[in-house]
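Structure file final.tsv with TSV, N, CA and C atoms and all ligand atoms:
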```
chain	number	residue	atom	x	y	z
A	1	MET	N	11.14	13.52	-2.07
A	1	MET	CA	12.22	12.64	-1.63
A	1	MET	C	11.71	11.70	-0.53
A	2	LYS	N	11.07	12.26	0.46
A	2	LYS	CA	10.53	11.43	1.53
A	2	LYS	C	9.56	10.39	0.98
A	3	TYR	N	8.75	10.81	0.05
A	3	TYR	CA	7.75	9.92	-0.52
A	3	TYR	C	8.41	8.74	-1.23
A	4	ALA	N	9.46	9.03	-1.98
A	4	ALA	CA	10.17	7.97	-2.69
A	4	ALA	C	10.72	6.95	-1.70
A	5	ILE	N	11.26	7.43	-0.61
A	5	ILE	CA	11.85	6.51	0.37
A	5	ILE	C	10.76	5.61	0.97
A	6	SER	N	9.64	6.19	1.36
A	6	SER	CA	8.63	5.36	1.99
A	6	SER	C	8.02	4.37	0.99
A	7	ALA	N	7.97	4.72	-0.26
A	7	ALA	CA	7.46	3.78	-1.27
A	7	ALA	C	8.37	2.57	-1.38
A	8	VAL	N	9.65	2.80	-1.29
A	8	VAL	CA	10.60	1.68	-1.36
A	8	VAL	C	10.44	0.78	-0.14
A	9	VAL	N	10.30	1.39	1.01
A	9	VAL	CA	10.20	0.64	2.25
A	9	VAL	C	9.00	-0.30	2.23
A	10	LEU	N	7.93	0.13	1.62
A	10	LEU	CA	6.73	-0.68	1.55
A	10	LEU	C	6.98	-2.06	0.97
A	11	TYR	N	7.83	-2.11	-0.01
A	11	TYR	CA	8.02	-3.38	-0.71
A	11	TYR	C	9.30	-4.08	-0.31
A	12	CYS	N	10.01	-3.48	0.60
A	12	CYS	CA	11.34	-4.01	0.89
A	12	CYS	C	11.45	-4.37	2.35
A	13	CYS	N	11.56	-5.62	2.63
A	13	CYS	CA	11.88	-6.03	3.99
A	13	CYS	C	13.27	-6.61	3.90
A	14	CYS	N	14.27	-5.73	3.93
A	14	CYS	CA	15.61	-6.18	3.55
A	14	CYS	C	16.49	-6.36	4.78
A	15	SER	N	17.03	-7.49	4.94
A	15	SER	CA	18.03	-7.68	5.97
A	15	SER	C	19.38	-7.41	5.34
A	16	ALA	N	20.22	-6.73	6.09
A	16	ALA	CA	21.50	-6.34	5.51
A	16	ALA	C	22.54	-7.43	5.71
A	17	GLY	N	22.62	-8.32	4.78
A	17	GLY	CA	23.77	-9.21	4.73
A	17	GLY	C	23.66	-10.55	5.42
A	18	PHE	N	23.34	-10.56	6.72
A	18	PHE	CA	23.46	-11.83	7.42
A	18	PHE	C	22.17	-12.19	8.14
A	19	GLY	N	21.99	-13.46	8.39
A	19	GLY	CA	20.84	-13.90	9.17
A	19	GLY	C	19.56	-13.87	8.38
A	20	ALA	N	18.52	-14.42	8.96
A	20	ALA	CA	17.22	-14.41	8.30
A	20	ALA	C	16.51	-13.09	8.60
A	21	PRO	N	15.66	-12.64	7.71
A	21	PRO	CA	14.91	-11.42	7.99
A	21	PRO	C	14.07	-11.58	9.24
A	22	ILE	N	13.81	-10.47	9.84
A	22	ILE	CA	13.00	-10.45	11.05
A	22	ILE	C	11.54	-10.29	10.68
A	23	LYS	N	10.70	-11.05	11.35
A	23	LYS	CA	9.26	-10.96	11.15
A	23	LYS	C	8.68	-10.19	12.33
A	24	ALA	N	7.70	-9.35	12.06
A	24	ALA	CA	7.09	-8.56	13.13
A	24	ALA	C	5.59	-8.77	13.15
A	25	ASP	N	5.07	-9.00	14.35
A	25	ASP	CA	3.61	-9.03	14.54
A	25	ASP	C	3.25	-7.83	15.40
A	26	LEU	N	2.15	-7.21	15.04
A	26	LEU	CA	1.78	-5.94	15.65
A	26	LEU	C	0.37	-6.02	16.18
A	27	GLU	N	0.19	-5.55	17.42
A	27	GLU	CA	-1.15	-5.45	17.95
A	27	GLU	C	-1.26	-4.17	18.76
A	28	CYS	N	-2.20	-3.32	18.38
A	28	CYS	CA	-2.32	-2.01	19.02
A	28	CYS	C	-3.67	-1.87	19.70
A	29	ARG	N	-3.64	-1.28	20.88
A	29	ARG	CA	-4.87	-1.03	21.65
A	29	ARG	C	-4.95	0.44	22.01
A	30	PRO	N	-6.17	0.98	22.03
A	30	PRO	CA	-6.33	2.38	22.41
A	30	PRO	C	-5.77	2.64	23.80
A	31	ALA	N	-5.11	3.77	23.96
A	31	ALA	CA	-4.49	4.11	25.24
A	31	ALA	C	-4.93	5.52	25.64
A	32	GLY	N	-6.20	5.67	25.93
A	32	GLY	CA	-6.67	6.97	26.35
A	32	GLY	C	-7.48	7.66	25.29
A	33	ALA	N	-7.63	8.95	25.43
A	33	ALA	CA	-8.49	9.71	24.53
A	33	ALA	C	-7.82	9.93	23.18
A	34	GLY	N	-8.64	9.90	22.14
A	34	GLY	CA	-8.12	10.19	20.81
A	34	GLY	C	-7.36	9.02	20.22
A	35	PRO	N	-6.74	9.24	19.08
A	35	PRO	CA	-6.05	8.13	18.39
A	35	PRO	C	-4.66	7.87	18.95
A	36	VAL	N	-4.63	7.53	20.23
A	36	VAL	CA	-3.36	7.18	20.88
A	36	VAL	C	-3.39	5.70	21.18
A	37	TYR	N	-2.34	5.00	20.81
A	37	TYR	CA	-2.34	3.54	20.90
A	37	TYR	C	-1.09	3.03	21.57
A	38	ASP	N	-1.28	1.97	22.36
A	38	ASP	CA	-0.15	1.19	22.85
A	38	ASP	C	0.00	-0.01	21.93
A	39	CYS	N	1.13	-0.12	21.29
A	39	CYS	CA	1.35	-1.20	20.35
A	39	CYS	C	2.34	-2.20	20.92
A	40	MET	N	1.93	-3.47	20.87
A	40	MET	CA	2.83	-4.55	21.23
A	40	MET	C	3.40	-5.12	19.95
A	41	ILE	N	4.69	-5.25	19.93
A	41	ILE	CA	5.36	-5.73	18.73
A	41	ILE	C	6.16	-6.97	19.09
A	42	ARG	N	5.90	-8.03	18.34
A	42	ARG	CA	6.61	-9.28	18.60
A	42	ARG	C	7.56	-9.53	17.43
A	43	LEU	N	8.83	-9.60	17.73
A	43	LEU	CA	9.82	-9.86	16.69
A	43	LEU	C	10.26	-11.31	16.75
A	44	SER	N	10.32	-11.92	15.57
A	44	SER	CA	10.83	-13.29	15.52
A	44	SER	C	11.67	-13.49	14.26
A	45	ASP	N	12.52	-14.47	14.33
A	45	ASP	CA	13.33	-14.85	13.18
A	45	ASP	C	12.39	-15.51	12.17
A	46	SER	N	12.38	-15.03	10.96
A	46	SER	CA	11.38	-15.50	10.00
A	46	SER	C	11.59	-16.97	9.63
A	47	LYS	N	12.79	-17.47	9.83
A	47	LYS	CA	13.03	-18.89	9.52
A	47	LYS	C	12.82	-19.78	10.73
A	48	SER	N	13.56	-19.51	11.79
A	48	SER	CA	13.49	-20.39	12.97
A	48	SER	C	12.29	-20.07	13.84
A	49	ARG	N	11.70	-18.89	13.65
A	49	ARG	CA	10.58	-18.40	14.46
A	49	ARG	C	10.97	-18.12	15.90
A	50	ALA	N	12.25	-18.17	16.20
A	50	ALA	CA	12.69	-17.86	17.56
A	50	ALA	C	12.48	-16.37	17.82
A	51	PRO	N	12.08	-16.02	19.07
A	51	PRO	CA	11.91	-14.61	19.38
A	51	PRO	C	13.23	-13.86	19.25
A	52	VAL	N	13.15	-12.63	18.79
A	52	VAL	CA	14.34	-11.79	18.68
A	52	VAL	C	14.36	-10.85	19.87
A	53	SER	N	15.21	-11.19	20.84
A	53	SER	CA	15.36	-10.36	22.03
A	53	SER	C	16.50	-9.38	21.83
A	54	ASP	N	16.57	-8.40	22.71
A	54	ASP	CA	17.65	-7.40	22.66
A	54	ASP	C	17.72	-6.67	21.34
A	55	ALA	N	16.59	-6.51	20.68
A	55	ALA	CA	16.59	-5.72	19.46
A	55	ALA	C	16.47	-4.25	19.82
A	56	ALA	N	17.02	-3.41	18.98
A	56	ALA	CA	16.84	-1.97	19.14
A	56	ALA	C	16.16	-1.44	17.89
A	57	PHE	N	15.03	-0.78	18.09
A	57	PHE	CA	14.35	-0.20	16.93
A	57	PHE	C	13.41	0.92	17.34
A	58	THR	N	13.08	1.72	16.37
A	58	THR	CA	12.11	2.78	16.58
A	58	THR	C	10.84	2.47	15.79
A	59	VAL	N	9.76	3.10	16.21
A	59	VAL	CA	8.47	2.90	15.57
A	59	VAL	C	7.94	4.27	15.14
A	60	SER	N	7.55	4.34	13.89
A	60	SER	CA	6.90	5.56	13.42
A	60	SER	C	5.74	5.13	12.52
A	61	ALA	N	5.04	6.09	11.97
A	61	ALA	CA	3.89	5.74	11.15
A	61	ALA	C	3.57	6.87	10.19
A	62	ASP	N	3.03	6.48	9.05
A	62	ASP	CA	2.47	7.49	8.17
A	62	ASP	C	1.23	6.92	7.48
A	63	MET	N	0.52	7.78	6.80
A	63	MET	CA	-0.71	7.34	6.14
A	63	MET	C	-0.46	7.20	4.65
A	64	PRO	N	-0.66	5.98	4.12
A	64	PRO	CA	-0.42	5.79	2.69
A	64	PRO	C	-1.34	6.65	1.82
A	65	SER	N	-2.53	6.98	2.35
A	65	SER	CA	-3.47	7.78	1.56
A	65	SER	C	-3.16	9.27	1.62
A	66	MET	N	-2.25	9.65	2.53
A	66	MET	CA	-1.95	11.07	2.70
A	66	MET	C	-0.45	11.27	2.76
A	67	PRO	N	0.24	11.00	1.64
A	67	PRO	CA	1.69	11.08	1.68
A	67	PRO	C	2.17	12.48	2.07
A	68	MET	N	3.17	12.51	2.91
A	68	MET	CA	3.84	13.73	3.34
A	68	MET	C	2.97	14.63	4.22
A	69	THR	N	1.79	14.17	4.59
A	69	THR	CA	0.92	14.99	5.42
A	69	THR	C	1.31	14.87	6.89
A	70	HIS	N	1.59	13.64	7.29
A	70	HIS	CA	1.91	13.40	8.69
A	70	HIS	C	3.41	13.19	8.84
A	71	ASN	N	3.89	13.60	9.98
A	71	ASN	CA	5.31	13.43	10.22
A	71	ASN	C	5.52	13.07	11.68
A	72	LEU	N	5.16	11.85	12.03
A	72	LEU	CA	5.29	11.40	13.41
A	72	LEU	C	6.75	11.19	13.76
A	73	ARG	N	7.11	11.64	14.93
A	73	ARG	CA	8.47	11.41	15.37
A	73	ARG	C	8.62	9.95	15.79
A	74	PRO	N	9.66	9.27	15.32
A	74	PRO	CA	9.85	7.87	15.72
A	74	PRO	C	10.05	7.74	17.23
A	75	VAL	N	9.41	6.75	17.83
A	75	VAL	CA	9.59	6.51	19.26
A	75	VAL	C	10.34	5.19	19.44
A	76	PRO	N	11.22	5.13	20.45
A	76	PRO	CA	11.94	3.87	20.69
A	76	PRO	C	10.98	2.80	21.22
A	77	ALA	N	11.17	1.58	20.77
A	77	ALA	CA	10.38	0.46	21.28
A	77	ALA	C	11.03	-0.03	22.57
A	78	LEU	N	10.18	-0.29	23.58
A	78	LEU	CA	10.69	-0.70	24.89
A	78	LEU	C	10.53	-2.20	25.06
A	79	PRO	N	11.62	-2.91	25.38
A	79	PRO	CA	11.52	-4.36	25.56
A	79	PRO	C	10.62	-4.70	26.75
A	80	GLN	N	9.81	-5.72	26.60
A	80	GLN	CA	8.92	-6.18	27.67
A	80	GLN	C	9.50	-7.45	28.28
A	81	ARG	N	8.79	-7.95	29.30
A	81	ARG	CA	9.33	-9.11	30.00
A	81	ARG	C	9.41	-10.34	29.10
A	82	ALA	N	8.39	-10.55	28.30
A	82	ALA	CA	8.37	-11.71	27.42
A	82	ALA	C	9.42	-11.55	26.31
A	83	ALA	N	10.08	-12.65	25.98
A	83	ALA	CA	11.16	-12.60	24.99
A	83	ALA	C	10.62	-12.16	23.64
A	84	GLY	N	11.30	-11.22	23.03
A	84	GLY	CA	10.94	-10.80	21.68
A	84	GLY	C	9.75	-9.86	21.61
A	85	VAL	N	9.26	-9.40	22.76
A	85	VAL	CA	8.09	-8.52	22.77
A	85	VAL	C	8.51	-7.11	23.19
A	86	TYR	N	7.99	-6.13	22.48
A	86	TYR	CA	8.34	-4.73	22.70
A	86	TYR	C	7.07	-3.91	22.70
A	87	ARG	N	7.16	-2.73	23.28
A	87	ARG	CA	5.99	-1.86	23.34
A	87	ARG	C	6.37	-0.46	22.87
A	88	ALA	N	5.45	0.15	22.17
A	88	ALA	CA	5.65	1.55	21.76
A	88	ALA	C	4.30	2.24	21.76
A	89	ARG	N	4.29	3.49	22.23
A	89	ARG	CA	3.05	4.26	22.21
A	89	ARG	C	3.05	5.17	20.98
A	90	LEU	N	1.99	5.03	20.20
A	90	LEU	CA	1.86	5.85	19.00
A	90	LEU	C	0.76	6.88	19.21
A	91	ALA	N	1.13	8.14	19.20
A	91	ALA	CA	0.14	9.22	19.27
A	91	ALA	C	-0.14	9.66	17.84
A	92	LEU	N	-1.15	9.03	17.24
A	92	LEU	CA	-1.46	9.32	15.85
A	92	LEU	C	-2.23	10.63	15.75
A	93	GLU	N	-2.26	11.19	14.59
A	93	GLU	CA	-2.93	12.47	14.42
A	93	GLU	C	-4.37	12.31	13.94
A	94	MET	N	-4.72	11.11	13.53
A	94	MET	CA	-6.10	10.85	13.12
A	94	MET	C	-6.32	9.34	13.02
A	95	TYR	N	-7.59	8.96	13.02
A	95	TYR	CA	-7.91	7.54	12.80
A	95	TYR	C	-7.78	7.22	11.32
A	96	GLY	N	-7.66	5.92	11.02
A	96	GLY	CA	-7.59	5.51	9.62
A	96	GLY	C	-6.52	4.46	9.41
A	97	LYS	N	-6.19	4.24	8.16
A	97	LYS	CA	-5.18	3.24	7.81
A	97	LYS	C	-3.80	3.89	7.82
A	98	TRP	N	-2.96	3.33	8.62
A	98	TRP	CA	-1.58	3.82	8.72
A	98	TRP	C	-0.62	2.70	8.34
A	99	ASN	N	0.55	3.11	7.92
A	99	ASN	CA	1.67	2.19	7.79
A	99	ASN	C	2.58	2.41	8.98
A	100	VAL	N	2.71	1.36	9.78
A	100	VAL	CA	3.59	1.43	10.95
A	100	VAL	C	4.97	0.94	10.53
A	101	LYS	N	5.96	1.76	10.79
A	101	LYS	CA	7.31	1.44	10.33
A	101	LYS	C	8.24	1.14	11.49
A	102	LEU	N	8.89	0.01	11.39
A	102	LEU	CA	9.91	-0.36	12.37
A	102	LEU	C	11.27	-0.18	11.72
A	103	ARG	N	12.08	0.63	12.34
A	103	ARG	CA	13.46	0.78	11.87
A	103	ARG	C	14.37	0.11	12.87
A	104	ILE	N	14.87	-1.04	12.47
A	104	ILE	CA	15.67	-1.86	13.38
A	104	ILE	C	17.14	-1.57	13.17
A	105	SER	N	17.85	-1.30	14.26
A	105	SER	CA	19.29	-1.04	14.15
A	105	SER	C	20.11	-2.19	14.71
A	106	SER	N	19.49	-3.04	15.53
A	106	SER	CA	20.19	-4.17	16.14
A	106	SER	C	19.17	-5.28	16.39
A	107	PRO	N	19.48	-6.55	16.23
A	107	PRO	CA	20.79	-7.16	15.93
A	107	PRO	C	21.21	-7.04	14.47
A	108	MET	N	20.36	-6.53	13.61
A	108	MET	CA	20.76	-6.27	12.24
A	108	MET	C	19.97	-5.07	11.76
A	109	GLN	N	20.42	-4.49	10.69
A	109	GLN	CA	19.69	-3.38	10.11
A	109	GLN	C	18.52	-3.94	9.31
A	110	ASP	N	17.33	-3.46	9.62
A	110	ASP	CA	16.16	-3.94	8.89
A	110	ASP	C	15.08	-2.88	8.98
A	111	GLN	N	14.21	-2.88	8.02
A	111	GLN	CA	13.05	-1.99	8.08
A	111	GLN	C	11.83	-2.81	7.74
A	112	ILE	N	10.83	-2.70	8.58
A	112	ILE	CA	9.60	-3.45	8.36
A	112	ILE	C	8.44	-2.47	8.38
A	113	THR	N	7.58	-2.59	7.40
A	113	THR	CA	6.38	-1.75	7.36
A	113	THR	C	5.15	-2.64	7.46
A	114	LYS	N	4.29	-2.32	8.42
A	114	LYS	CA	3.06	-3.08	8.59
A	114	LYS	C	1.86	-2.15	8.40
A	115	ALA	N	0.96	-2.53	7.53
A	115	ALA	CA	-0.27	-1.77	7.41
A	115	ALA	C	-1.16	-2.08	8.60
A	116	TYR	N	-1.79	-1.06	9.16
A	116	TYR	CA	-2.63	-1.29	10.34
A	116	TYR	C	-3.78	-0.29	10.32
A	117	ASP	N	-4.97	-0.80	10.62
A	117	ASP	CA	-6.16	0.05	10.66
A	117	ASP	C	-6.40	0.53	12.08
A	118	PHE	N	-6.39	1.82	12.25
A	118	PHE	CA	-6.68	2.40	13.56
A	118	PHE	C	-8.04	3.10	13.47
A	119	PHE	N	-9.05	2.43	13.98
A	119	PHE	CA	-10.37	3.02	13.89
A	119	PHE	C	-10.93	3.30	15.28
A	120	GLU	N	-11.71	4.34	15.36
A	120	GLU	CA	-12.32	4.74	16.62
A	120	GLU	C	-13.25	3.64	17.09
A	121	ALA	N	-13.15	3.29	18.38
A	121	ALA	CA	-14.02	2.25	18.92
A	121	ALA	C	-15.47	2.73	18.89
A	122	PRO	N	-16.41	1.86	18.51
A	122	PRO	CA	-17.81	2.28	18.43
A	122	PRO	C	-18.39	2.59	19.82
B	201	CU	CU	-4.12	11.48	7.71
```
What would the structure in this file look like if it were written as structure tokens?
Amino acid sequence: MKYAISAVVLYCCCSAGFGAPIKADLECRPAGAGPVYDCMIRLSDSKSRAPVSDAAFTVSADMPSMPMTHNLRPVPALPQRAAGVYRARLALEMYGKWNVKLRISSPMQDQITKAYDFFEAP
């Protein structure tokens, strides 16, 4: 069941009813030992490109190559000073390719999945 849901999310960036879908840009940097990352997330309106401030969403992640293996607890994204920018710390269980999932509850319901490579720094 969980697997079916995440497969749908991969292909679906669905805004519920009103407004333009939200676009997300993601940039993650190592935050200490192991695969722990501080991720900056920039939300913008996909049409007007205006920053989306006052959004509420959680961030979680799973590995497309290892379905149902990982079960990261979603963490709330914290708004930063810059408009439309949020931060979330992801304590991953291993390096590799993850799908980072944003579950947005406000200003509209939306789910965004971004593929991201988390590799150990050389
Ligand atoms: Cu894994």
* Provide the atom C of A:Asp117 to atom N of A:Gly96 distance in Å, to one decimal place. =>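 Spanning atom C of A:Asp117 to atom N of A:Gly96 is a straight-line distance of 5.6 Å.
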* Between A:Arg103, A:Arg87, A:Arg81, A:His70, which one has atoms that come closest to ligand CU 201 (chain B), using all atoms listed in the file? -> A:His70
Enumerate residues in contact with ligand CU 201 (chain B): an atom-to-atom distance of at most 8 Å, counting all atoms listed in the file. Format the result as a PDB file with N, CA and C atoms, in the coordinates of the input.
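Okay, selection_32.pdb is ready:
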```pdb
ATOM      1  N   ASP A  62       3.030   6.480   9.050  1.00  0.00           N
ATOM      2  CA  ASP A  62       2.470   7.490   8.170  1.00  0.00           C
ATOM      3  C   ASP A  62       1.230   6.920   7.480  1.00  0.00           C
ATOM      4  N   MET A  63       0.520   7.780   6.800  1.00  0.00           N
ATOM      5  CA  MET A  63      -0.710   7.340   6.140  1.00  0.00           C
ATOM      6  C   MET A  63      -0.460   7.200   4.650  1.00  0.00           C
ATOM      7  N   PRO A  64      -0.660   5.980   4.120  1.00  0.00           N
ATOM      8  CA  PRO A  64      -0.420   5.790   2.690  1.00  0.00           C
ATOM      9  C   PRO A  64      -1.340   6.650   1.820  1.00  0.00           C
ATOM     10  N   SER A  65      -2.530   6.980   2.350  1.00  0.00           N
ATOM     11  CA  SER A  65      -3.470   7.780   1.560  1.00  0.00           C
ATOM     12  C   SER A  65      -3.160   9.270   1.620  1.00  0.00           C
ATOM     13  N   MET A  66      -2.250   9.650   2.530  1.00  0.00           N
ATOM     14  CA  MET A  66      -1.950  11.070   2.700  1.00  0.00           C
ATOM     15  C   MET A  66      -0.450  11.270   2.760  1.00  0.00           C
ATOM     16  N   PRO A  67       0.240  11.000   1.640  1.00  0.00           N
ATOM     17  CA  PRO A  67       1.690  11.080   1.680  1.00  0.00           C
ATOM     18  C   PRO A  67       2.170  12.480   2.070  1.00  0.00           C
ATOM     19  N   THR A  69       1.790  14.170   4.590  1.00  0.00           N
ATOM     20  CA  THR A  69       0.920  14.990   5.420  1.00  0.00           C
ATOM     21  C   THR A  69       1.310  14.870   6.890  1.00  0.00           C
ATOM     22  N   HIS A  70       1.590  13.640   7.290  1.00  0.00           N
ATOM     23  CA  HIS A  70       1.910  13.400   8.690  1.00  0.00           C
ATOM     24  C   HIS A  70       3.410  13.190   8.840  1.00  0.00           C
ATOM     25  N   GLU A  93      -2.260  11.190  14.590  1.00  0.00           N
ATOM     26  CA  GLU A  93      -2.930  12.470  14.420  1.00  0.00           C
ATOM     27  C   GLU A  93      -4.370  12.310  13.940  1.00  0.00           C
ATOM     28  N   MET A  94      -4.720  11.110  13.530  1.00  0.00           N
ATOM     29  CA  MET A  94      -6.100  10.850  13.120  1.00  0.00           C
ATOM     30  C   MET A  94      -6.320   9.340  13.020  1.00  0.00           C
ATOM     31  N   TYR A  95      -7.590   8.960  13.020  1.00  0.00           N
ATOM     32  CA  TYR A  95      -7.910   7.540  12.800  1.00  0.00           C
ATOM     33  C   TYR A  95      -7.780   7.220  11.320  1.00  0.00           C
ATOM     34  N   GLY A  96      -7.660   5.920  11.020  1.00  0.00           N
ATOM     35  CA  GLY A  96      -7.590   5.510   9.620  1.00  0.00           C
ATOM     36  C   GLY A  96      -6.520   4.460   9.410  1.00  0.00           C
ATOM     37  N   LYS A  97      -6.190   4.240   8.160  1.00  0.00           N
ATOM     38  CA  LYS A  97      -5.180   3.240   7.810  1.00  0.00           C
ATOM     39  C   LYS A  97      -3.800   3.890   7.820  1.00  0.00           C
TER      40      LYS A  97
END
```
* **Interatomic distance, atom N of A:Arg73 to atom N of A:Pro122 (Å, one decimal)** => 25.7 Å
* **Nearest residue to A:Pro51 from the set A:Ala91, A:Lys101, A:Ala83, A:Gly32 (distances using all atoms listed in the file)** => A:Ala83
* To do: Kindly provide, as a list of chain:residue names, the polymer residues lying within 12 Å of (11.1, -18.6, 13.7), counting only C-alpha atoms and using the coordinates exactly as they appear in the file.
  => A:Gly19, A:Ala20, A:Pro21, A:Ile22, A:Lys23, A:Ala24, A:Arg42, A:Leu43, A:Ser44, A:Asp45, A:Ser46, A:Lys47, A:Ser48, A:Arg49, A:Ala50, A:Pro51, A:Val52, A:Gly84
* To do: Pick out each residue of stretch 13-120 of chain A that DSSP on the backbone tags as strand (DSSP E or B); I need them as a VMD selection string.
  => chain A and resid 22 to 30 36 to 45 51 56 to 62 75 to 76 78 to 79 85 to 91 96 to 106 110 to 118
Extract stretch 73-80 of chain A from the preceding block and save all heavy atoms as a JSON list (two decimals), in the first residue's frame.
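Written file, selection-v6.json:
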```
[["chain", "number", "residue", "atom", "x", "y", "z"],
["A", 73, "ARG", "N", 10.76, 9.81, 9.45],
["A", 73, "ARG", "CA", 9.65, 10.59, 9.96],
["A", 73, "ARG", "C", 9.67, 11.97, 9.31],
["A", 73, "ARG", "O", 10.72, 12.62, 9.26],
["A", 73, "ARG", "CB", 9.79, 10.73, 11.47],
["A", 73, "ARG", "CG", 8.52, 11.25, 12.13],
["A", 73, "ARG", "CD", 8.74, 11.57, 13.58],
["A", 73, "ARG", "NE", 9.12, 10.39, 14.35],
["A", 73, "ARG", "CZ", 9.53, 10.46, 15.62],
["A", 73, "ARG", "NH1", 9.64, 11.61, 16.22],
["A", 73, "ARG", "NH2", 9.85, 9.37, 16.27],
["A", 74, "PRO", "N", 8.54, 12.44, 8.81],
["A", 74, "PRO", "CA", 8.51, 13.78, 8.19],
["A", 74, "PRO", "C", 8.87, 14.86, 9.20],
["A", 74, "PRO", "O", 8.44, 14.78, 10.35],
["A", 74, "PRO", "CB", 7.06, 13.93, 7.73],
["A", 74, "PRO", "CG", 6.51, 12.55, 7.67],
["A", 74, "PRO", "CD", 7.25, 11.76, 8.72],
["A", 75, "VAL", "N", 9.69, 15.81, 8.78],
["A", 75, "VAL", "CA", 10.04, 16.93, 9.66],
["A", 75, "VAL", "C", 9.41, 18.21, 9.11],
["A", 75, "VAL", "O", 9.33, 18.39, 7.90],
["A", 75, "VAL", "CB", 11.57, 17.11, 9.78],
["A", 75, "VAL", "CG1", 12.19, 15.93, 10.48],
["A", 75, "VAL", "CG2", 12.20, 17.32, 8.42],
["A", 76, "PRO", "N", 8.96, 19.10, 9.99],
["A", 76, "PRO", "CA", 8.38, 20.35, 9.50],
["A", 76, "PRO", "C", 9.47, 21.25, 8.90],
["A", 76, "PRO", "O", 10.58, 21.31, 9.42],
["A", 76, "PRO", "CB", 7.76, 20.98, 10.75],
["A", 76, "PRO", "CG", 8.38, 20.29, 11.91],
["A", 76, "PRO", "CD", 8.90, 18.96, 11.45],
["A", 77, "ALA", "N", 9.14, 21.91, 7.82],
["A", 77, "ALA", "CA", 10.06, 22.88, 7.21],
["A", 77, "ALA", "C", 9.93, 24.20, 7.95],
["A", 77, "ALA", "O", 8.82, 24.66, 8.24],
["A", 77, "ALA", "CB", 9.73, 23.05, 5.74],
["A", 78, "LEU", "N", 11.09, 24.81, 8.25],
["A", 78, "LEU", "CA", 11.08, 26.06, 9.02],
["A", 78, "LEU", "C", 11.31, 27.24, 8.09],
["A", 78, "LEU", "O", 12.30, 27.27, 7.36],
["A", 78, "LEU", "CB", 12.19, 26.03, 10.07],
["A", 78, "LEU", "CG", 12.17, 24.81, 11.00],
["A", 78, "LEU", "CD1", 13.43, 24.76, 11.85],
["A", 78, "LEU", "CD2", 10.93, 24.85, 11.88],
["A", 79, "PRO", "N", 10.41, 28.23, 8.12],
["A", 79, "PRO", "CA", 10.57, 29.40, 7.25],
["A", 79, "PRO", "C", 11.84, 30.17, 7.61],
["A", 79, "PRO", "O", 12.17, 30.32, 8.79],
["A", 79, "PRO", "CB", 9.33, 30.25, 7.50],
["A", 79, "PRO", "CG", 8.57, 29.60, 8.59],
["A", 79, "PRO", "CD", 9.21, 28.29, 8.95],
["A", 80, "GLN", "N", 12.55, 30.63, 6.60],
["A", 80, "GLN", "CA", 13.77, 31.43, 6.79],
["A", 80, "GLN", "C", 13.46, 32.89, 6.52],
["A", 80, "GLN", "O", 12.35, 33.24, 6.16],
["A", 80, "GLN", "CB", 14.87, 30.92, 5.85],
["A", 80, "GLN", "CG", 15.17, 29.44, 6.04],
["A", 80, "GLN", "CD", 15.66, 29.11, 7.43],
["A", 80, "GLN", "OE1", 16.75, 29.47, 7.82],
["A", 80, "GLN", "NE2", 14.80, 28.44, 8.21]]
```
